[in-house]
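Shown next: query33.cif, given as mmCIF, C-alpha atoms.
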data_start
loop_
_atom_site.label_atom_id
_atom_site.label_comp_id
_atom_site.auth_asym_id
_atom_site.auth_seq_id
_atom_site.Cartn_x
_atom_site.Cartn_y
_atom_site.Cartn_z
CA MET A 11 0.00 0.00 0.00
CA LYS A 12 1.32 3.46 -0.93
CA PRO A 13 1.58 6.01 1.92
CA ARG A 14 -1.12 8.68 1.85
CA VAL A 15 -0.59 11.80 3.92
CA THR A 16 -2.83 14.84 3.55
CA VAL A 17 -2.30 17.99 5.62
CA SER A 18 -5.13 20.49 5.39
CA LEU A 19 -6.17 23.76 6.98
CA GLN A 20 -9.76 24.02 8.14
CA PRO A 21 -11.77 27.21 7.63
CA ASP A 22 -11.54 27.93 11.40
CA GLY A 23 -7.71 27.92 11.27
CA GLY A 24 -7.14 24.45 12.71
CA PHE A 25 -5.38 21.77 10.75
CA ASP A 26 -5.83 18.06 10.18
CA ILE A 27 -3.34 15.39 9.21
CA TRP A 28 -5.10 12.57 7.37
CA ILE A 29 -3.10 9.34 7.01
CA ASN A 30 -3.57 5.76 5.91
CA GLU A 31 -1.67 2.88 7.55
CA ALA A 32 1.39 3.23 5.31
CA GLY A 33 1.37 7.02 5.81
CA ARG A 34 1.27 6.55 9.58
CA ASP A 35 4.18 4.12 9.44
CA LEU A 36 6.21 6.51 7.26
CA LEU A 37 5.56 9.50 9.55
CA ILE A 38 6.50 7.49 12.65
CA LYS A 39 9.69 6.26 10.95
CA GLU A 40 10.64 9.82 10.00
CA LEU A 41 9.79 11.16 13.47
CA GLN A 42 11.83 8.47 15.18
CA GLY A 43 14.79 9.26 12.93
CA LEU A 44 15.01 12.87 14.09
CA SER A 45 17.94 13.86 16.29
CA GLU A 46 20.49 16.62 16.71
CA ARG A 47 22.40 15.05 13.80
CA TRP A 48 19.30 14.71 11.53
CA ASP A 49 17.10 17.58 12.61
CA HIS A 50 14.28 17.80 10.06
CA PHE A 51 12.39 16.14 7.28
CA HIS A 52 10.36 17.52 4.40
CA LEU A 53 6.75 16.96 3.38
CA ASP A 54 6.00 17.96 -0.22
CA HIS A 55 3.67 17.40 -3.16
CA TYR A 56 5.14 17.51 -6.65
CA GLY A 57 2.71 17.28 -9.56
CA ASP A 58 5.37 15.92 -11.90
CA PRO A 59 5.34 12.10 -11.55
CA GLU A 60 9.06 11.94 -12.37
CA ILE A 61 9.95 13.80 -9.17
CA ALA A 62 6.89 12.97 -7.04
CA ASP A 63 9.00 10.93 -4.63
CA ALA A 64 11.81 13.50 -4.35
CA THR A 65 10.88 14.26 -0.74
CA ASP A 66 10.93 12.51 2.61
CA VAL A 67 7.11 12.35 2.87
CA ALA A 68 5.01 12.80 -0.26
CA LEU A 69 1.81 14.75 0.40
CA SER A 70 -1.52 14.19 -1.26
CA ALA A 71 -3.09 17.22 -2.94
CA VAL A 72 -6.66 15.92 -2.65
CA PRO A 73 -8.66 17.45 0.23
CA TYR A 74 -10.87 15.23 2.37
CA GLU A 75 -13.35 18.02 3.07
CA PRO A 76 -14.46 20.45 0.33
CA SER A 77 -13.82 23.47 2.58
CA ASP A 78 -10.24 22.42 3.47
CA ARG A 79 -7.14 24.05 2.00
CA VAL A 80 -4.52 21.37 1.36
CA LEU A 81 -0.93 22.22 2.28
CA LEU A 82 1.55 21.11 -0.36
CA ASN A 83 4.84 21.51 1.50
CA GLY A 84 6.26 21.79 4.96
CA LYS A 85 8.90 20.59 7.40
CA VAL A 86 9.01 18.80 10.72
CA LEU A 87 11.82 20.28 12.80
CA PHE A 88 13.53 18.61 15.76
CA ARG A 89 14.69 21.07 18.38
CA SER A 90 16.34 19.75 21.52
CA ASP A 91 15.76 21.49 24.83
CA HIS A 92 19.44 22.49 24.74
CA TRP A 93 19.01 24.24 21.37
CA ASP A 94 15.81 25.92 22.50
CA ARG A 95 17.44 27.24 25.68
CA GLU A 96 20.28 28.66 23.59
CA HIS A 97 18.45 29.95 20.49
CA PHE A 98 14.74 30.16 21.37
CA PRO A 99 14.48 30.58 25.16
CA HIS A 100 10.92 31.91 24.86
CA VAL A 101 9.60 28.45 23.85
CA GLY A 102 11.27 26.34 26.55
CA ASP A 103 11.17 26.15 30.30
CA GLY A 104 11.58 29.92 30.52
CA ALA A 105 7.97 30.30 29.41
CA GLY A 106 6.84 28.56 32.60
CA ALA A 107 3.52 26.89 33.24
CA ALA A 108 1.86 28.31 30.12
CA ALA A 109 4.32 26.48 27.85
CA GLU A 110 3.76 23.27 29.81
CA ARG A 111 -0.02 23.55 29.37
CA ILE A 112 0.37 24.18 25.61
CA THR A 113 2.70 21.18 25.32
CA GLU A 114 0.24 18.97 27.19
CA ALA A 115 -2.66 20.15 25.01
CA ALA A 116 -0.60 19.60 21.83
CA THR A 117 0.27 16.08 22.97
CA THR A 118 -3.38 15.33 23.68
CA THR A 119 -4.41 16.61 20.26
CA ALA A 120 -1.61 14.69 18.50
CA LYS A 121 -2.73 11.51 20.26
CA ARG A 122 -6.30 12.23 19.17
CA ILE A 123 -5.24 12.52 15.52
CA ILE A 124 -3.11 9.39 15.58
CA THR A 125 -5.78 7.45 17.48
CA LYS A 126 -8.57 8.67 15.21
CA SER A 127 -6.54 7.91 12.06
CA SER A 128 -5.01 4.62 13.01
CA ARG A 129 -6.94 3.40 16.06
CA LEU A 130 -3.53 2.76 17.67
CA PRO A 131 -2.30 4.71 20.72
CA MET A 132 0.59 7.08 20.26
CA SER A 133 3.72 6.34 22.28
CA ARG A 134 5.14 9.13 24.44
CA SER A 135 8.46 8.64 22.63
CA HIS A 136 6.94 10.14 19.48
CA SER A 137 5.31 13.15 21.07
CA PRO A 138 8.23 15.61 21.58
CA VAL A 139 8.82 16.08 17.86
CA PHE A 140 5.10 16.20 17.20
CA PHE A 141 4.66 19.17 19.60
CA HIS A 142 6.06 21.69 17.15
CA GLU A 143 3.67 20.69 14.42
CA CYS A 144 0.63 20.30 16.70
CA GLN A 145 0.58 23.53 18.67
CA ARG A 146 -2.02 25.11 16.39
CA MET A 147 -4.24 22.09 17.07
CA VAL A 148 -4.58 23.23 20.68
CA VAL A 149 -7.35 25.57 19.53
CA THR A 150 -9.21 22.62 18.00
CA ALA A 151 -8.77 20.55 21.16
CA LYS A 152 -10.16 23.37 23.30
CA ARG A 153 -13.03 23.92 20.85
CA ASP A 154 -13.91 20.23 21.03
CA GLY A 155 -13.73 20.31 24.83
CA LEU A 156 -11.04 17.64 24.99
CA SER A 157 -9.06 16.92 28.12
CA PRO A 158 -6.19 14.42 28.43
CA SER A 159 -8.59 11.72 29.62
CA ALA A 160 -11.24 12.38 26.95
CA LYS A 161 -12.16 9.51 24.65
CA GLY A 162 -9.52 7.19 26.08
CA ILE A 163 -6.65 9.24 24.64
CA GLU A 164 -4.38 9.14 27.70
#

Do you think you could lay out the structure here as structure tokens?
Amino acid sequence: MKPRVTVSLQPDGGFDIWINEAGRDLLIKELQGLSERWDHFHLDHYGDPEIADATDVALSAVPYEPSDRVLLNGKVLFRSDHWDREHFPHVGDGAGAAAERITEAATTTAKRIITKSSRLPMSRSHSPVFFHECQRMVVTAKRDGLSPSAKGIE
């Protein structure tokens, strides 16, 4: 089965990541490969079939919902706490309890997406990298009234 990954913006500003089984496996493989030595991977859609696979994760250009705007390129960036303390102190521990709450909400929302898409729980070992890409989903989680224990996500 060919991986299918669709990233789309909803009209309310939230975003969804739609994946099939092979897409889930590919994303997890790429996420687990991130480190200080290999700090990012690309997600792209190329219309030319000759170069369609010239990316780490090929994105689908077909929206699931008619009102969605499909994103055709992006990156997942690994940033260690050490790097953040040095280069982006405003996003790490220096931001205090508010950053911790955002991180927890992003984790909950990421688990919701993975669980909803694959019906498999997300391991905590995957969640740190996912935080950066899921922070905008906090709004969706709050809108849906989710808490960490909602719908068996914890």

Need to verify the contact set: His55 in chain A, 6 Å, only C-alpha atoms, exclusion of same-chain residues closer than 2 positions in sequence. Can you return it as an mmCIF file with C-alpha atoms, keeping the file's coordinate frame?
data_model
loop_
_atom_site.group_PDB
_atom_site.id
_atom_site.type_symbol
_atom_site.label_atom_id
_atom_site.label_comp_id
_atom_site.auth_asym_id
_atom_site.auth_seq_id
_atom_site.Cartn_x
_atom_site.Cartn_y
_atom_site.Cartn_z
ATOM 1 C CA ALA A 68 5.010 12.800 -0.260
ATOM 2 C CA LEU A 69 1.810 14.750 0.400
ATOM 3 C CA LEU A 82 1.550 21.110 -0.360
#

Query - Using all atoms listed in the file: which of A:Gly23, A:Val101, A:Ser18, A:Val86 has the shortest distance to Gly43 in chain A - result: A:Val86

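Restricting the calculation to only C-alpha atoms, the smallest distance between Pro76 in chain A and any of A:Tyr56, A:Pro21, A:Leu44, A:Ile38 is found for A:Pro21.
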
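Between CA of Phe51 in chain A and CA of Arg95 in chain A the interatomic distance comes to 22.1 Å.
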
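Across the model, the gap from CA of Asn83 in chain A to CA of His52 in chain A is 7.4 Å.
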
Query raised in the report: Mind telling me what the PyMOL selection byres ((chain A and resi 19) around 9) catches here, as a PyMOL selection string?
Result: chain A and resi 17-18+20-26+77-81

Completion step: range 14-25 of chain A with all heavy atoms as a tab-separated table (two decimals), keeping the file's coordinate frame:
chain	number	residue	atom	x	y	z
A	14	ARG	N	-0.29	7.52	2.17
A	14	ARG	CA	-1.12	8.68	1.85
A	14	ARG	C	-1.13	9.59	3.06
A	14	ARG	O	-1.55	9.19	4.15
A	14	ARG	CB	-2.54	8.26	1.46
A	14	ARG	CG	-3.39	9.43	0.98
A	14	ARG	CD	-4.78	9.01	0.49
A	14	ARG	NE	-5.55	8.28	1.50
A	14	ARG	CZ	-5.73	6.96	1.52
A	14	ARG	NH1	-5.21	6.20	0.58
A	14	ARG	NH2	-6.42	6.38	2.48
A	15	VAL	N	-0.64	10.80	2.86
A	15	VAL	CA	-0.59	11.80	3.92
A	15	VAL	C	-1.16	13.08	3.34
A	15	VAL	O	-0.69	13.58	2.33
A	15	VAL	CB	0.85	12.04	4.41
A	15	VAL	CG1	0.89	13.11	5.48
A	15	VAL	CG2	1.48	10.74	4.91
A	16	THR	N	-2.20	13.60	3.97
A	16	THR	CA	-2.83	14.84	3.55
A	16	THR	C	-2.84	15.78	4.74
A	16	THR	O	-3.34	15.42	5.82
A	16	THR	CB	-4.27	14.62	3.07
A	16	THR	OG1	-4.28	13.62	2.05
A	16	THR	CG2	-4.89	15.90	2.54
A	17	VAL	N	-2.28	16.97	4.57
A	17	VAL	CA	-2.30	17.99	5.62
A	17	VAL	C	-3.18	19.12	5.10
A	17	VAL	O	-2.94	19.65	4.02
A	17	VAL	CB	-0.88	18.52	5.93
A	17	VAL	CG1	-0.93	19.57	7.03
A	17	VAL	CG2	0.04	17.37	6.33
A	18	SER	N	-4.21	19.47	5.87
A	18	SER	CA	-5.13	20.49	5.39
A	18	SER	C	-5.50	21.48	6.50
A	18	SER	O	-5.55	21.12	7.68
A	18	SER	CB	-6.40	19.85	4.82
A	18	SER	OG	-7.02	19.02	5.78
A	19	LEU	N	-5.70	22.72	6.08
A	19	LEU	CA	-6.17	23.76	6.98
A	19	LEU	C	-7.69	23.81	6.91
A	19	LEU	O	-8.27	23.80	5.83
A	19	LEU	CB	-5.62	25.13	6.57
A	19	LEU	CG	-4.14	25.35	6.76
A	19	LEU	CD1	-3.74	26.71	6.19
A	19	LEU	CD2	-3.78	25.26	8.23
A	20	GLN	N	-8.31	23.90	8.07
A	20	GLN	CA	-9.76	24.02	8.14
A	20	GLN	C	-10.13	25.50	8.07
A	20	GLN	O	-9.31	26.36	8.37
A	20	GLN	CB	-10.28	23.44	9.45
A	20	GLN	CG	-9.94	21.99	9.66
A	20	GLN	CD	-10.20	21.57	11.10
A	20	GLN	OE1	-10.40	22.38	11.99
A	20	GLN	NE2	-10.14	20.28	11.32
A	21	PRO	N	-11.36	25.81	7.70
A	21	PRO	CA	-11.77	27.21	7.63
A	21	PRO	C	-11.60	27.97	8.96
A	21	PRO	O	-11.36	29.17	8.95
A	21	PRO	CB	-13.26	27.13	7.24
A	21	PRO	CG	-13.38	25.83	6.54
A	21	PRO	CD	-12.40	24.91	7.21
A	22	ASP	N	-11.68	27.26	10.10
A	22	ASP	CA	-11.54	27.93	11.40
A	22	ASP	C	-10.08	28.13	11.82
A	22	ASP	O	-9.80	28.62	12.90
A	22	ASP	CB	-12.30	27.18	12.49
A	22	ASP	CG	-11.70	25.81	12.83
A	22	ASP	OD1	-10.69	25.42	12.20
A	22	ASP	OD2	-12.24	25.14	13.71
A	23	GLY	N	-9.12	27.73	10.96
A	23	GLY	CA	-7.71	27.92	11.27
A	23	GLY	C	-7.01	26.69	11.82
A	23	GLY	O	-5.79	26.66	11.89
A	24	GLY	N	-7.76	25.68	12.23
A	24	GLY	CA	-7.14	24.45	12.71
A	24	GLY	C	-6.59	23.66	11.54
A	24	GLY	O	-6.80	24.01	10.38
A	25	PHE	N	-5.84	22.61	11.84
A	25	PHE	CA	-5.38	21.77	10.75
A	25	PHE	C	-5.55	20.30	11.10
A	25	PHE	O	-5.60	19.92	12.25
A	25	PHE	CB	-3.95	22.09	10.31
A	25	PHE	CG	-2.85	21.59	11.21
A	25	PHE	CD1	-2.28	20.34	11.02
A	25	PHE	CD2	-2.36	22.38	12.22
A	25	PHE	CE1	-1.26	19.89	11.83
A	25	PHE	CE2	-1.32	21.95	13.04
A	25	PHE	CZ	-0.77	20.70	12.84
